[in-house]
Amino acid sequence: MALHYRKKPIVIEAMQLNFSNRDAIIEFAKGHITLSWRDGYLEGAFIDTLEGGIYATYGDYIIKGVDGEFYPCKPSVFEKTYELADELF
């Protein structure tokens, strides 16, 4: 019989990949992200993750995990999984 588990309540840092925050997201994921452009428009980004390089498309969230790792997350999954936390810092 399978057991049921609940995700521990942790606070993560994340930014949505879009044109208006391109400089901030580069600083946020410094050394772990390379933006991808097409005809002068931001198309997506390559993210160095623990599993290797993963491509994030425009609008995806870039998450900094609990161990400082980065990974992309689709908006539909992000919105079901996370909610805005009160400022802790």
# chains A, B, ... in the order shown; residues from 1 in each chain; ligands from 1
$ select_by_dssp --residues "chain A" --states "strand (DSSP E)" --output "ChimeraX atom specification"
/A:13-16,33-38,41-49,52-57,61-64,70-73
$ residues_around --residues "A:Tyr55" --least-positions-apart "6" --cutoff "7 Å" --atoms "only C-alpha atoms" --output "number ranges by chain"
A: 45-47
$ residues_around --residues "A:Ser36" --least-positions-apart "6" --cutoff "12 Å" --atoms "only C-alpha atoms" --output "NGL selection string"
:A and (17-19 or 22 or 26 or 42-47 or 55-58)
$ write_last_selection --atoms "C-alpha atoms" --output "PDB file, in the first residue's frame"
ATOM      1  CA  LEU A  17      11.441  34.688 -17.681  1.00  0.00           C
ATOM      2  CA  ASN A  18      10.358  37.690 -19.734  1.00  0.00           C
ATOM      3  CA  PHE A  19      11.855  40.587 -21.650  1.00  0.00           C
ATOM      4  CA  ARG A  22      16.148  39.922 -18.556  1.00  0.00           C
ATOM      5  CA  ILE A  26      20.777  37.003 -15.518  1.00  0.00           C
ATOM      6  CA  LEU A  42      13.871  36.853 -26.028  1.00  0.00           C
ATOM      7  CA  GLU A  43      12.801  33.320 -26.880  1.00  0.00           C
ATOM      8  CA  GLY A  44      13.927  31.349 -23.841  1.00  0.00           C
ATOM      9  CA  ALA A  45      16.974  30.323 -21.854  1.00  0.00           C
ATOM     10  CA  PHE A  46      19.266  27.386 -21.257  1.00  0.00           C
ATOM     11  CA  ILE A  47      19.433  26.549 -17.547  1.00  0.00           C
ATOM     12  CA  TYR A  55      15.654  24.747 -22.021  1.00  0.00           C
ATOM     13  CA  ALA A  56      13.122  27.149 -20.497  1.00  0.00           C
ATOM     14  CA  THR A  57      10.711  28.978 -22.791  1.00  0.00           C
ATOM     15  CA  TYR A  58       9.554  32.573 -22.489  1.00  0.00           C
TER      16      TYR A  58
END
$ residues_around --residues "A:Phe28" --least-positions-apart "3" --cutoff "9 Å" --atoms "only C-alpha atoms" --output "mmCIF file with C-alpha atoms, in the first residue's frame"
data_model
loop_
_atom_site.group_PDB
_atom_site.id
_atom_site.type_symbol
_atom_site.label_atom_id
_atom_site.label_comp_id
_atom_site.auth_asym_id
_atom_site.auth_seq_id
_atom_site.Cartn_x
_atom_site.Cartn_y
_atom_site.Cartn_z
ATOM 1 C CA ALA A 14 11.857 32.441 -8.418
ATOM 2 C CA MET A 15 11.562 34.824 -11.349
ATOM 3 C CA ASP A 23 18.979 41.740 -16.756
ATOM 4 C CA ALA A 24 17.637 40.850 -13.301
ATOM 5 C CA ILE A 25 17.212 37.187 -14.204
ATOM 6 C CA LYS A 64 16.362 28.615 -7.155
#
$ atom_distance --atom1 "atom CA of A:Pro72" --atom2 "atom CA of A:Leu3"
28.0 Å
$ atom_distance --atom1 "atom CA of A:Arg6" --atom2 "atom CA of A:Lys74"
20.8 Å
$ select_by_dssp --residues "stretch 13-55 of chain A" --states "helix (DSSP H, G or I)" --output "list in words"
Phe19, Ser20, Asn21, Arg22, Asp23, Ala24, Ile25, Ile26, Glu27 and Phe28 of chain A
$ write_last_selection --atoms "N, CA, C and O atoms" --output "JSON list (two decimals), in the first residue's frame"
[["chain", "number", "residue", "atom", "x", "y", "z"],
["A", 19, "PHE", "N", 10.96, 39.56, -21.11],
["A", 19, "PHE", "CA", 11.85, 40.59, -21.65],
["A", 19, "PHE", "C", 12.14, 41.69, -20.65],
["A", 19, "PHE", "O", 13.25, 42.19, -20.56],
["A", 20, "SER", "N", 11.16, 42.06, -19.84],
["A", 20, "SER", "CA", 11.32, 43.20, -18.95],
["A", 20, "SER", "C", 12.28, 42.93, -17.79],
["A", 20, "SER", "O", 12.80, 43.87, -17.20],
["A", 21, "ASN", "N", 12.52, 41.66, -17.45],
["A", 21, "ASN", "CA", 13.43, 41.38, -16.35],
["A", 21, "ASN", "C", 14.68, 40.62, -16.78],
["A", 21, "ASN", "O", 15.34, 39.99, -15.97],
["A", 22, "ARG", "N", 15.03, 40.71, -18.04],
["A", 22, "ARG", "CA", 16.15, 39.92, -18.56],
["A", 22, "ARG", "C", 17.45, 40.18, -17.81],
["A", 22, "ARG", "O", 18.19, 39.25, -17.52],
["A", 23, "ASP", "N", 17.74, 41.43, -17.47],
["A", 23, "ASP", "CA", 18.98, 41.74, -16.76],
["A", 23, "ASP", "C", 18.93, 41.20, -15.33],
["A", 23, "ASP", "O", 19.91, 40.66, -14.82],
["A", 24, "ALA", "N", 17.78, 41.33, -14.68],
["A", 24, "ALA", "CA", 17.64, 40.85, -13.30],
["A", 24, "ALA", "C", 17.73, 39.33, -13.24],
["A", 24, "ALA", "O", 18.31, 38.78, -12.30],
["A", 25, "ILE", "N", 17.18, 38.65, -14.24],
["A", 25, "ILE", "CA", 17.21, 37.19, -14.20],
["A", 25, "ILE", "C", 18.61, 36.66, -14.48],
["A", 25, "ILE", "O", 19.02, 35.64, -13.93],
["A", 26, "ILE", "N", 19.38, 37.38, -15.30],
["A", 26, "ILE", "CA", 20.78, 37.00, -15.52],
["A", 26, "ILE", "C", 21.55, 37.13, -14.21],
["A", 26, "ILE", "O", 22.35, 36.25, -13.86],
["A", 27, "GLU", "N", 21.32, 38.20, -13.48],
["A", 27, "GLU", "CA", 21.99, 38.39, -12.18],
["A", 27, "GLU", "C", 21.52, 37.34, -11.17],
["A", 27, "GLU", "O", 22.31, 36.78, -10.42],
["A", 28, "PHE", "N", 20.22, 37.05, -11.16],
["A", 28, "PHE", "CA", 19.63, 36.07, -10.24],
["A", 28, "PHE", "C", 20.25, 34.69, -10.43],
["A", 28, "PHE", "O", 20.61, 34.02, -9.46]]
$ closest_residue --among "A:Tyr71, A:Tyr61, A:Tyr82, A:Tyr41" --to "A:Val11" --atoms "only C-alpha atoms"
A:Tyr82
